[in-house]
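What follows is a short report on a single structure.
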There are 4 protein chains.
Amino acid sequence: MPDIPQPRKTPLQARSRHAVAAILEAAARILARDGYAAFNTNRVAEEAGVGIGSLYQYFPNKQALVAALHRRHGEETLAALDRALADTAGQPPRERLAAMVVAALDLHRRELGLHRVLEREWPAFDEPPASNPLDQALRERMEAWLAESGLDPAKAGTLLRMADSLTHGLLLDADPGAAGLEHTITDALAGFLGLPARPHT
Amino acid sequence: MPDIPQPRKTPLQARSRHAVAAILEAAARILARDGYAAFNTNRVAEEAGVGIGSLYQYFPNKQALVAALHRRHGEETLAALDRALADTAGQPPRERLAAMVVAALDLHRRELGLHRVLEREWPAFDEPPASNPLDQALRERMEAWLAESGLDPAKAGTLLRMADSLTHGLLLDADPGAAGLEHTITDALAGFLGLPARPHT
Amino acid sequence: MPDIPQPRKTPLQARSRHAVAAILEAAARILARDGYAAFNTNRVAEEAGVGIGSLYQYFPNKQALVAALHRRHGEETLAALDRALADTAGQPPRERLAAMVVAALDLHRRELGLHRVLEREWPAFDEPPASNPLDQALRERMEAWLAESGLDPAKAGTLLRMADSLTHGLLLDADPGAAGLEHTITDALAGFLGLPARPHT
Amino acid sequence: MPDIPQPRKTPLQARSRHAVAAILEAAARILARDGYAAFNTNRVAEEAGVGIGSLYQYFPNKQALVAALHRRHGEETLAALDRALADTAGQPPRERLAAMVVAALDLHRRELGLHRVLEREWPAFDEPPASNPLDQALRERMEAWLAESGLDPAKAGTLLRMADSLTHGLLLDADPGAAGLEHTITDALAGFLGLPARPHT
DNA sequence: GATGAATGAGAGTTCATTCAT
DNA sequence: GATGAATGAACTCTCATTCAT
């Protein structure tokens with residue numbers, strides 16, 4: 001089982017927390033602006049205004065940096081979905097689905113470059129999908145929602161992967177401002193879930 | 001705009017064609033077996049039983065190798081879709097759609113490791129999507145089919161990207177033998193196209 | 001001529017003496033357990049339960065640490081030899097020689113790993129041999145004993161180096177529990193000193 | 001079991017053989033002149049007048065360089081002992097022993113600095129002593145000689161280690177030109193073997 | 001006095017690419 | 001045309017040491 005690298009030490013002091021944040025910011029910026037090829041630890045440290053040694057004090061290696069960015073993205077996604085569900089409580093499934101799609105798209109549009117790299121260029125070190133607590137939480141949210149909507153909860157995992165694939169595939173490769181992307185994705189997901197087709201397009 | 005590297009010279013002689021094929025085979029094998037990290041030109045040349053100098057006679061640089069592999073994949077996909085359409089001439093749209101999905105899945109299942117790398121690990125050098133002749137052809141096929149089925153031909157591009165994303169996203173991350181994958185994807189695409197939901201699952 | 005680093009300050013306070021001892025213990029433990037490659041000041045400080053800054057308060061640099069360990073070893077050796085000589089007062093030279101060999105072997109067997117590193121892996125910074133007070137004292141003991149035994153006191157220095165070399169060379173590389181090691185070394189030293197060969201082996 | 005690194009590829013072409021030789025020379029020179037601390041691969045390559053990449057074409061890592069030097073030393077030792085034995089065929093054991101000691105001392109005197117490092121500073125990577133073919137051959141020589149001289153062949157291994165320890169211990173730490181070193185070592189070895197003491201010194 | 005976050009020179013190693021043979 | 005030895009920029013990571021707190 002492959003070990004996802006964890007931060008080397010949890011920064012407790014104020015200065016440290018600042019350094020970690022600066023490093024993470026710098027990493028995200030470089031990844032987004034220049035891609036994975038230009039992403040090297042020295043450059044990150046430099047851009048963060050931190051010695052390379054400090055970087056290695058908080059992250060055991062290069063991958064740990066990307067992993068941290070990944071984790072952050074996961075957390076934001078979870079929060080966004082929760083908010084979307086809370087905001088649409090009581091509405092019909094299709095509306096809630098659409099709300100979640102919109103939330104996810106908004107989230108991704110804000111850091112397009114970073115996500116492109118995170119999802120597509122990352123030398124995927126065989127992460128067991130859906131094995132970490134975050135993915136677990138995400139899945140539980142979906143299962144609860146599906147059950148509550150009279151849909152098949154067993155479809156939660158596939159629904160998540162599907163939404164993820166579509167968000168990235170359509171948002172990243174296509175013109176980012178493409179109108180109707182929300183409808184496009186919602187329709188596809190609805191199709192998978194067996195929700196009735198919208199009356200007219 | 002970044003230029004996709006082209007093979008340095010079209011090999012005409014028999015020996016050359018053999019060398020090029022061997023190099024491509026080796027490249028695919030290494031990518032599939034060991035991932036992009038282990039993919040370096042010296043290794044490819046060695047595995048191909050060819051001098052490193054010869055490799056550079058046919059491919060101007062490393063990326064050209066991956067580009068060639070990409071192109072090959074595109075050609076196979078086009079052929080598979082054409083076959084699926086031909087085999088289902090006269091049938092209702094949903095059947096033809098399903099046939100195409102099955103064809104694509106079959107294609108990908110055969111070279112799972114390679115595609116995983118090709119689609120996810122490749123340090124994507126900003127290829128303008130859908131700009132090459134292959135993608136053009138693919139798109140035309142879809143437009144023709146959509147029009148002929150009474151559906152919106154403008155959805156061809158999105159349909160292709162959607163199918164691609166789903167195929168990779170669901171096939172690669174999930175258990176490869178997952179039953180019902182064909183239905184899952186077909187339902188989603190049908191949902192996007194506005195085809196009526198299947199009666200029961 | 002290279003200067004052997006000395007402890008930066010002689011610790012007088014109780015707390016300081018404790019810290020120095022802890023550091024020395026930790027250093028010895030790491031050296032013995034993991035070898036010189038794993039021996040770095042941060043690790044020593046951590047294992048000693050002391051801040052790295054404190055370590056540098058008592059030892060000006062890394063080498064001073066090893067030097068201190070070396071010195072400690074020398075002191076123990078001197079004490080052991082003195083004891084062996086005292087215990088065998090009045091006996092013939094060969095018995096006293098044997099007693100010293102046994103004492104030295106016992107001493108080394110107790111901290112095998114540490115000595116291996118101390119003697120073999122230490123990036124020897126050209127210490128002028130026999131220039132420090134400890135080596136002086138050791139040499140005086142031997143000279144006295146040799147003179148008192150009717151042997152050549154000029155051989156003291158060589159005898160000591162010889163004994164040292166044999167102890168480490170035979171004890172460290174060979175099976176540590178090798179029986180007869182005492183006889184082996186005693187015979188060799190006796191041969192050098194011109195003592196008659198033992199009647200039978 | 002620890003793997004002693006082997007040369008990466010056996011150089012067949014003239015140019016390559018030259019490069020390997022130059023690298024080995026440079027390595028020996030640096031080790032002898034500046035010690036292990038100053039011994040780094042970039043410096044070796046530079047001193048050899050060779051690109052760092054070339055060094056790594058022939059030696060998989062730093063240790064392999066030192067291992068090669070070690071092996072070379074072993075081969076020279078074996079040859080020297082064989083010559084000493086051949087030159088003294090028919091003479092009494094003590095003379096032959098002395099001849100071997102002289103041969104070994106001559107050998108070591110020629111490359112004092114290098115051997116100091118090779119024997120004492122090398123971050124010994126747990127090589128199982130006497131497990132390689134060279135040490136085997138060395139031991140067989142000694143066993144044959146001991147048997148042929150009416151001495152105990154079982155002492156071969158210890159004799160070799162003893163001779164090695166004494167040669168290095170006395171030659172390296174002491175004044176290199178110390179007169180009588182040959183006698184000193186020969187006497188000690190003779191004492192171990194139970195040969196009668198020399199009449200007078 | 002004690003701490004430990006911060007530092008950065010420098011180490012080992014890789015690999016895309018060239019070019020003399 | 002084919003080869004593969006040679007190259008060196010570039011990368012990841014370590015660790016002795018400092019100094020503000």
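By order in the structure tokens, chains are A, B, ...; within a chain, residues start at 1; ligands start at 1, following the order shown.
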
Find the residues around Thr186 (chain C) up to 12 Å (only C-alpha atoms (C1' of nucleotides) counted), leave out those fewer than 2 positions away in its own chain, and share them as a PyMOL selection string. (chain C and resi 93-105+159+162-163+166-167+180-184+188-198) or (chain D and resi 188-189+191-194)

Could you write out that same residue set with N, CA and C atoms as a CSV table (one decimal), in the first residue's frame?
```
chain,number,residue,atom,x,y,z
C,93,PRO,N,56.2,-11.7,33.3
C,93,PRO,CA,55.8,-10.8,32.2
C,93,PRO,C,54.7,-11.4,31.3
C,94,ARG,N,54.8,-12.6,30.9
C,94,ARG,CA,53.8,-13.2,30.0
C,94,ARG,C,52.4,-13.2,30.7
C,95,GLU,N,52.3,-13.4,32.0
C,95,GLU,CA,51.0,-13.5,32.6
C,95,GLU,C,50.4,-12.1,32.6
C,96,ARG,N,51.3,-11.1,32.9
C,96,ARG,CA,50.8,-9.7,33.0
C,96,ARG,C,50.4,-9.2,31.6
C,97,LEU,N,51.2,-9.6,30.7
C,97,LEU,CA,50.8,-9.2,29.3
C,97,LEU,C,49.4,-9.8,28.9
C,98,ALA,N,49.3,-11.1,29.3
C,98,ALA,CA,48.0,-11.8,29.0
C,98,ALA,C,46.8,-11.1,29.7
C,99,ALA,N,47.1,-10.7,30.9
C,99,ALA,CA,46.0,-10.0,31.7
C,99,ALA,C,45.6,-8.7,31.1
C,100,MET,N,46.6,-8.0,30.5
C,100,MET,CA,46.3,-6.7,29.9
C,100,MET,C,45.5,-7.0,28.6
C,101,VAL,N,45.9,-8.0,27.9
C,101,VAL,CA,45.1,-8.3,26.6
C,101,VAL,C,43.7,-8.7,27.0
C,102,VAL,N,43.5,-9.5,28.0
C,102,VAL,CA,42.2,-9.9,28.4
C,102,VAL,C,41.3,-8.6,28.8
C,103,ALA,N,42.0,-7.7,29.5
C,103,ALA,CA,41.3,-6.5,30.0
C,103,ALA,C,40.8,-5.7,28.8
C,104,ALA,N,41.7,-5.5,27.8
C,104,ALA,CA,41.4,-4.7,26.6
C,104,ALA,C,40.3,-5.4,25.8
C,105,LEU,N,40.4,-6.7,25.7
C,105,LEU,CA,39.4,-7.4,24.9
C,105,LEU,C,38.0,-7.2,25.6
C,159,LEU,N,54.3,-1.3,20.8
C,159,LEU,CA,53.5,-2.4,21.5
C,159,LEU,C,52.1,-1.9,21.6
C,162,MET,N,50.4,-1.8,18.3
C,162,MET,CA,50.2,-3.2,17.9
C,162,MET,C,49.0,-3.8,18.5
C,163,ALA,N,49.0,-3.6,19.9
C,163,ALA,CA,47.9,-4.2,20.6
C,163,ALA,C,46.5,-3.6,20.1
C,166,LEU,N,45.6,-5.0,16.7
C,166,LEU,CA,45.2,-6.4,16.7
C,166,LEU,C,43.8,-6.6,17.4
C,167,THR,N,43.6,-5.8,18.5
C,167,THR,CA,42.4,-5.9,19.2
C,167,THR,C,41.2,-5.6,18.2
C,180,GLY,N,39.9,-18.1,22.2
C,180,GLY,CA,41.3,-18.1,22.0
C,180,GLY,C,41.9,-16.8,21.5
C,181,LEU,N,41.0,-15.8,21.3
C,181,LEU,CA,41.5,-14.6,20.8
C,181,LEU,C,42.6,-14.0,21.8
C,182,GLU,N,42.4,-14.2,23.1
C,182,GLU,CA,43.4,-13.7,24.0
C,182,GLU,C,44.7,-14.4,23.7
C,183,HIS,N,44.7,-15.7,23.6
C,183,HIS,CA,46.0,-16.3,23.3
C,183,HIS,C,46.6,-15.8,22.0
C,184,THR,N,45.8,-15.7,21.0
C,184,THR,CA,46.2,-15.2,19.7
C,184,THR,C,47.0,-13.9,19.8
C,188,ALA,N,51.2,-13.0,19.7
C,188,ALA,CA,51.8,-12.1,18.8
C,188,ALA,C,52.6,-11.0,19.5
C,189,LEU,N,52.0,-10.5,20.5
C,189,LEU,CA,52.7,-9.4,21.3
C,189,LEU,C,54.0,-10.0,21.9
C,190,ALA,N,53.8,-11.2,22.5
C,190,ALA,CA,55.0,-11.8,23.1
C,190,ALA,C,56.1,-12.0,22.0
C,191,GLY,N,55.7,-12.5,20.9
C,191,GLY,CA,56.6,-12.6,19.8
C,191,GLY,C,57.4,-11.3,19.5
C,192,PHE,N,56.6,-10.3,19.4
C,192,PHE,CA,57.3,-9.0,19.2
C,192,PHE,C,58.3,-8.6,20.3
C,193,LEU,N,57.9,-8.9,21.5
C,193,LEU,CA,58.7,-8.5,22.7
C,193,LEU,C,59.9,-9.4,22.8
C,194,GLY,N,59.9,-10.5,22.1
C,194,GLY,CA,61.0,-11.5,22.3
C,194,GLY,C,60.8,-12.4,23.5
C,195,LEU,N,59.6,-12.5,24.0
C,195,LEU,CA,59.4,-13.5,25.1
C,195,LEU,C,59.4,-14.9,24.4
C,196,PRO,N,59.8,-15.8,25.2
C,196,PRO,CA,59.9,-17.2,24.6
C,196,PRO,C,58.5,-17.7,24.2
C,197,ALA,N,58.4,-18.5,23.2
C,197,ALA,CA,57.1,-19.1,22.8
C,197,ALA,C,56.6,-19.9,23.8
C,198,ARG,N,55.2,-20.0,23.9
C,198,ARG,CA,54.6,-20.9,24.8
C,198,ARG,C,55.0,-22.3,24.5
D,188,ALA,N,56.0,-10.6,15.4
D,188,ALA,CA,54.6,-10.7,16.0
D,188,ALA,C,53.9,-11.9,15.3
D,189,LEU,N,54.0,-12.0,14.0
D,189,LEU,CA,53.3,-13.1,13.3
D,189,LEU,C,54.0,-14.4,13.6
D,191,GLY,N,55.4,-15.1,16.4
D,191,GLY,CA,54.9,-15.4,17.7
D,191,GLY,C,53.6,-16.1,17.7
D,192,PHE,N,52.7,-15.5,16.9
D,192,PHE,CA,51.4,-16.1,16.7
D,192,PHE,C,51.4,-17.5,16.2
D,193,LEU,N,52.3,-17.7,15.2
D,193,LEU,CA,52.4,-19.1,14.6
D,193,LEU,C,53.2,-20.1,15.4
D,194,GLY,N,53.8,-19.6,16.5
D,194,GLY,CA,54.6,-20.5,17.3
D,194,GLY,C,56.0,-20.8,16.8
```

Got a sec to pull out which chain C residues are within 7 Å of chain E, counting only C-alpha atoms (C1' of nucleotides), and send them as number ranges by chain? C: 51-54

List as a PyMOL selection string the protein and nucleic acid residues near region 16-19 of chain F, meaning an atom at most 8 Å away when only C-alpha atoms (C1' of nucleotides) are counted, but skip any in the same chain fewer than 4 places from it. chain C and resi 41+61-62

Take the residues from that selection and write them out as a compact mmCIF listing (two decimals), in the first residue's frame, keeping all heavy atoms.
```
# COMPACT_ATOMS: atom_id res chain seq x y z
N THR C 41 24.34 15.80 13.84
CA THR C 41 24.15 16.53 15.09
C THR C 41 22.67 16.67 15.48
O THR C 41 22.33 16.58 16.65
CB THR C 41 24.78 17.93 15.01
OG1 THR C 41 24.31 18.59 13.85
CG2 THR C 41 26.29 17.83 14.95
N ASN C 61 31.59 21.76 17.48
CA ASN C 61 31.20 21.20 16.20
C ASN C 61 31.09 19.68 16.28
O ASN C 61 31.33 19.09 17.33
CB ASN C 61 32.18 21.60 15.10
CG ASN C 61 33.59 21.25 15.49
OD1 ASN C 61 33.84 20.18 16.01
ND2 ASN C 61 34.50 22.20 15.28
N LYS C 62 30.74 19.09 15.18
CA LYS C 62 30.47 17.66 15.15
C LYS C 62 31.70 16.84 15.60
O LYS C 62 31.57 15.90 16.38
CB LYS C 62 30.08 17.29 13.72
CG LYS C 62 29.41 15.94 13.57
CD LYS C 62 29.25 15.63 12.08
CE LYS C 62 28.58 14.30 11.87
NZ LYS C 62 28.52 13.95 10.43
```

Enumerate, in order of chain and increasing residue number, the residues of chain A with an atom no farther than 12 Å from chain F, each with its shortest atom pair and distance in Å to one decimal, counting only C-alpha atoms (C1' of nucleotides), as a tab-separated table.
```
residue	atom	partner	partner_atom	distance
A:Gln13	CA	F:DT21	C1'	11.6
A:Arg15	CA	F:DT21	C1'	11.3
A:Ala37	CA	F:DC11	C1'	11.4
A:Ala38	CA	F:DC11	C1'	11.0
A:Phe39	CA	F:DC11	C1'	10.5
A:Asn40	CA	F:DC11	C1'	7.5
A:Thr41	CA	F:DT12	C1'	7.5
A:Asn42	CA	F:DC11	C1'	8.7
A:Arg43	CA	F:DC11	C1'	10.7
A:Ile52	CA	F:DC13	C1'	9.4
A:Gly53	CA	F:DT14	C1'	8.7
A:Ser54	CA	F:DC13	C1'	11.8
A:Leu55	CA	F:DC13	C1'	10.6
A:Tyr56	CA	F:DC13	C1'	8.0
A:Gln57	CA	F:DT14	C1'	10.9
A:Phe59	CA	F:DC13	C1'	11.2
A:Pro60	CA	F:DC13	C1'	9.1
A:Asn61	CA	F:DC13	C1'	7.9
A:Lys62	CA	F:DT12	C1'	8.0
A:Gln63	CA	F:DT12	C1'	11.0
```

Take the residues from that selection and write them out as a JSON list (two decimals), in the first residue's frame, keeping N, CA, C and O atoms.
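Okay, this is what ended up in out.json:
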```
[["chain", "number", "residue", "atom", "x", "y", "z"],
["A", 13, "GLN", "N", 4.02, 26.91, 15.93],
["A", 13, "GLN", "CA", 4.30, 28.32, 16.15],
["A", 13, "GLN", "C", 3.77, 29.18, 15.01],
["A", 13, "GLN", "O", 3.56, 28.71, 13.90],
["A", 15, "ARG", "N", 5.21, 31.62, 13.32],
["A", 15, "ARG", "CA", 6.10, 31.78, 12.19],
["A", 15, "ARG", "C", 6.02, 30.57, 11.26],
["A", 15, "ARG", "O", 5.97, 30.69, 10.05],
["A", 37, "ALA", "N", 5.98, 20.48, -15.09],
["A", 37, "ALA", "CA", 7.37, 20.40, -15.56],
["A", 37, "ALA", "C", 8.24, 21.46, -14.89],
["A", 37, "ALA", "O", 9.41, 21.22, -14.60],
["A", 38, "ALA", "N", 7.66, 22.61, -14.63],
["A", 38, "ALA", "CA", 8.44, 23.70, -14.05],
["A", 38, "ALA", "C", 8.36, 23.69, -12.53],
["A", 38, "ALA", "O", 8.89, 24.58, -11.86],
["A", 39, "PHE", "N", 7.72, 22.69, -12.00],
["A", 39, "PHE", "CA", 7.47, 22.63, -10.57],
["A", 39, "PHE", "C", 8.61, 21.89, -9.87],
["A", 39, "PHE", "O", 8.62, 20.67, -9.85],
["A", 40, "ASN", "N", 9.57, 22.62, -9.35],
["A", 40, "ASN", "CA", 10.62, 21.94, -8.59],
["A", 40, "ASN", "C", 10.81, 22.60, -7.24],
["A", 40, "ASN", "O", 10.49, 23.78, -7.04],
["A", 41, "THR", "N", 11.30, 21.82, -6.31],
["A", 41, "THR", "CA", 11.30, 22.26, -4.91],
["A", 41, "THR", "C", 12.09, 23.56, -4.70],
["A", 41, "THR", "O", 11.69, 24.40, -3.91],
["A", 42, "ASN", "N", 13.19, 23.71, -5.42],
["A", 42, "ASN", "CA", 13.96, 24.94, -5.24],
["A", 42, "ASN", "C", 13.14, 26.16, -5.65],
["A", 42, "ASN", "O", 13.15, 27.19, -4.98],
["A", 43, "ARG", "N", 12.45, 26.00, -6.77],
["A", 43, "ARG", "CA", 11.65, 27.11, -7.27],
["A", 43, "ARG", "C", 10.53, 27.43, -6.29],
["A", 43, "ARG", "O", 10.24, 28.60, -6.01],
["A", 52, "ILE", "N", 15.34, 26.54, 1.02],
["A", 52, "ILE", "CA", 14.93, 25.19, 0.60],
["A", 52, "ILE", "C", 14.89, 24.25, 1.78],
["A", 52, "ILE", "O", 14.05, 23.34, 1.86],
["A", 53, "GLY", "N", 15.76, 24.49, 2.75],
["A", 53, "GLY", "CA", 15.77, 23.65, 3.94],
["A", 53, "GLY", "C", 14.47, 23.74, 4.72],
["A", 53, "GLY", "O", 13.97, 22.75, 5.25],
["A", 54, "SER", "N", 13.92, 24.93, 4.76],
["A", 54, "SER", "CA", 12.66, 25.10, 5.49],
["A", 54, "SER", "C", 11.55, 24.29, 4.82],
["A", 54, "SER", "O", 10.72, 23.68, 5.49],
["A", 55, "LEU", "N", 11.55, 24.32, 3.51],
["A", 55, "LEU", "CA", 10.53, 23.54, 2.81],
["A", 55, "LEU", "C", 10.59, 22.09, 3.25],
["A", 55, "LEU", "O", 9.56, 21.48, 3.57],
["A", 56, "TYR", "N", 11.80, 21.56, 3.32],
["A", 56, "TYR", "CA", 11.95, 20.15, 3.68],
["A", 56, "TYR", "C", 11.73, 19.90, 5.17],
["A", 56, "TYR", "O", 11.71, 18.76, 5.62],
["A", 57, "GLN", "N", 11.61, 20.97, 5.93],
["A", 57, "GLN", "CA", 11.30, 20.79, 7.34],
["A", 57, "GLN", "C", 9.81, 20.46, 7.51],
["A", 57, "GLN", "O", 9.42, 19.77, 8.43],
["A", 59, "PHE", "N", 7.73, 19.48, 4.64],
["A", 59, "PHE", "CA", 7.27, 18.48, 3.67],
["A", 59, "PHE", "C", 8.42, 17.52, 3.39],
["A", 59, "PHE", "O", 9.48, 17.94, 2.94],
["A", 60, "PRO", "N", 8.19, 16.24, 3.63],
["A", 60, "PRO", "CA", 9.30, 15.29, 3.52],
["A", 60, "PRO", "C", 9.83, 15.16, 2.10],
["A", 60, "PRO", "O", 10.96, 14.77, 1.92],
["A", 61, "ASN", "N", 9.02, 15.47, 1.13],
["A", 61, "ASN", "CA", 9.50, 15.40, -0.25],
["A", 61, "ASN", "C", 8.54, 16.12, -1.18],
["A", 61, "ASN", "O", 7.51, 16.64, -0.75],
["A", 62, "LYS", "N", 8.91, 16.12, -2.42],
["A", 62, "LYS", "CA", 8.15, 16.87, -3.41],
["A", 62, "LYS", "C", 6.69, 16.44, -3.47],
["A", 62, "LYS", "O", 5.77, 17.27, -3.52],
["A", 63, "GLN", "N", 6.47, 15.16, -3.47],
["A", 63, "GLN", "CA", 5.11, 14.65, -3.59],
["A", 63, "GLN", "C", 4.22, 15.12, -2.46],
["A", 63, "GLN", "O", 3.02, 15.36, -2.66]]
```

Who sits within 10 Å of Arg141 (chain D), only C-alpha atoms (C1' of nucleotides), same chain under 3 positions skipped, as number ranges by chain: D: 78, 81-82, 85, 135-138, 144-146, 156

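Atom pair CA of Lys155 (chain B) / CA of Gln91 (chain B): separated by 20.4 Å.
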
From a backbone DSSP assignment, name each residue in region 11-187 of chain B labelled alpha helix (DSSP H), as a PyMOL selection string. chain B and resi 14-34+41-48+52-58+62-87+93-110+112-116+133-148+156-173+181-187

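Across the model, the gap from CA of Leu171 (chain D) to CA of Ala154 (chain C) is 17.2 Å.
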
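Counting from CA of Ala67 (chain A), the distance to CA of Leu112 (chain B) is 24.3 Å.
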
Residues within 12 Å of His168 (chain D), only C-alpha atoms (C1' of nucleotides), excluding chain neighbours under 2 positions, as a CSV table (one decimal) with N, CA and C atoms, in the first residue's frame:
```csv
chain,number,residue,atom,x,y,z
C,120,ARG,N,37.3,2.8,12.8
C,120,ARG,CA,37.4,2.5,11.3
C,120,ARG,C,36.6,3.5,10.5
C,161,ARG,N,50.5,0.4,19.9
C,161,ARG,CA,49.8,0.5,18.5
C,161,ARG,C,49.5,-0.9,18.0
C,162,MET,N,50.4,-1.8,18.3
C,162,MET,CA,50.2,-3.2,17.9
C,162,MET,C,49.0,-3.8,18.5
C,164,ASP,N,46.5,-2.3,19.9
C,164,ASP,CA,45.3,-1.7,19.4
C,164,ASP,C,44.9,-2.2,18.1
C,165,SER,N,45.8,-2.3,17.2
C,165,SER,CA,45.5,-2.8,15.8
C,165,SER,C,44.9,-4.2,15.9
C,166,LEU,N,45.6,-5.0,16.7
C,166,LEU,CA,45.2,-6.4,16.7
C,166,LEU,C,43.8,-6.6,17.4
C,168,HIS,N,41.4,-4.4,17.5
C,168,HIS,CA,40.3,-4.1,16.6
C,168,HIS,C,40.2,-5.0,15.4
C,169,GLY,N,41.4,-5.2,14.8
C,169,GLY,CA,41.4,-6.0,13.6
C,169,GLY,C,40.8,-7.4,13.8
D,101,VAL,N,56.1,-10.2,4.4
D,101,VAL,CA,55.9,-9.0,5.2
D,101,VAL,C,56.5,-7.8,4.4
D,104,ALA,N,54.5,-6.9,1.4
D,104,ALA,CA,53.2,-6.2,1.8
D,104,ALA,C,53.6,-4.7,2.2
D,105,LEU,N,54.6,-4.6,3.0
D,105,LEU,CA,55.0,-3.2,3.4
D,105,LEU,C,55.4,-2.4,2.2
D,107,LEU,N,54.4,-2.6,-0.8
D,107,LEU,CA,53.2,-2.3,-1.5
D,107,LEU,C,52.5,-1.1,-0.9
D,108,HIS,N,52.3,-1.2,0.4
D,108,HIS,CA,51.6,-0.2,1.1
D,108,HIS,C,52.3,1.1,1.2
D,109,ARG,N,53.6,1.1,1.3
D,109,ARG,CA,54.4,2.3,1.3
D,109,ARG,C,54.2,3.1,0.1
D,111,GLU,N,51.6,3.6,-1.7
D,111,GLU,CA,50.3,4.4,-1.8
D,111,GLU,C,49.7,4.6,-0.4
D,112,LEU,N,50.6,5.1,0.4
D,112,LEU,CA,50.2,5.3,1.8
D,112,LEU,C,48.9,6.0,2.0
D,113,GLY,N,48.8,7.2,1.4
D,113,GLY,CA,47.6,8.0,1.7
D,113,GLY,C,46.3,7.3,1.2
D,114,LEU,N,46.4,6.7,0.1
D,114,LEU,CA,45.2,5.9,-0.4
D,114,LEU,C,44.8,4.8,0.5
D,115,HIS,N,45.8,4.1,1.0
D,115,HIS,CA,45.4,2.9,1.8
D,115,HIS,C,44.9,3.4,3.2
D,116,ARG,N,45.4,4.5,3.7
D,116,ARG,CA,44.9,5.0,4.9
D,116,ARG,C,43.4,5.2,4.8
D,117,VAL,N,43.0,5.8,3.7
D,117,VAL,CA,41.6,6.0,3.5
D,117,VAL,C,40.8,4.7,3.3
D,118,LEU,N,41.4,3.9,2.4
D,118,LEU,CA,40.7,2.7,2.0
D,118,LEU,C,40.4,1.8,3.3
D,119,GLU,N,41.4,1.8,4.2
D,119,GLU,CA,41.3,0.9,5.3
D,119,GLU,C,40.6,1.5,6.5
D,120,ARG,N,40.7,2.8,6.6
D,120,ARG,CA,40.2,3.4,7.9
D,120,ARG,C,39.0,4.3,7.7
D,161,ARG,N,44.4,-11.6,8.7
D,161,ARG,CA,43.8,-10.4,9.3
D,161,ARG,C,44.8,-9.7,10.2
D,162,MET,N,45.6,-10.6,10.9
D,162,MET,CA,46.6,-10.0,11.8
D,162,MET,C,47.6,-9.2,11.0
D,163,ALA,N,48.1,-9.8,9.9
D,163,ALA,CA,49.1,-9.1,9.1
D,163,ALA,C,48.5,-7.8,8.6
D,164,ASP,N,47.3,-7.8,8.1
D,164,ASP,CA,46.7,-6.6,7.6
D,164,ASP,C,46.6,-5.6,8.7
D,165,SER,N,46.1,-5.9,9.8
D,165,SER,CA,45.9,-5.0,10.9
D,165,SER,C,47.3,-4.4,11.3
D,166,LEU,N,48.3,-5.2,11.4
D,166,LEU,CA,49.6,-4.7,11.8
D,166,LEU,C,50.2,-3.8,10.7
D,170,LEU,N,50.6,-0.1,12.1
D,170,LEU,CA,52.0,0.4,12.3
D,170,LEU,C,52.5,1.3,11.3
D,171,LEU,N,52.2,1.0,10.0
D,171,LEU,CA,52.7,1.8,8.9
D,171,LEU,C,52.0,3.2,8.9
D,172,LEU,N,50.7,3.2,9.0
D,172,LEU,CA,50.0,4.4,8.7
D,172,LEU,C,50.1,5.4,9.9
D,173,ASP,N,50.0,4.9,11.1
D,173,ASP,CA,50.0,5.9,12.2
D,173,ASP,C,51.4,6.3,12.5
D,174,ALA,N,52.4,5.4,12.3
D,174,ALA,CA,53.7,5.7,12.7
D,174,ALA,C,54.5,6.4,11.6
D,175,ASP,N,55.7,6.8,11.9
D,175,ASP,CA,56.6,7.4,10.9
D,175,ASP,C,56.7,6.3,9.9
D,176,PRO,N,56.5,6.6,8.6
D,176,PRO,CA,56.4,5.7,7.5
D,176,PRO,C,57.8,5.0,7.3
D,181,LEU,N,60.5,-2.1,10.9
D,181,LEU,CA,59.1,-2.4,10.8
D,181,LEU,C,58.9,-3.9,10.4
D,185,ILE,N,56.9,-6.7,12.6
D,185,ILE,CA,55.7,-7.4,12.2
D,185,ILE,C,56.0,-8.9,12.1
```
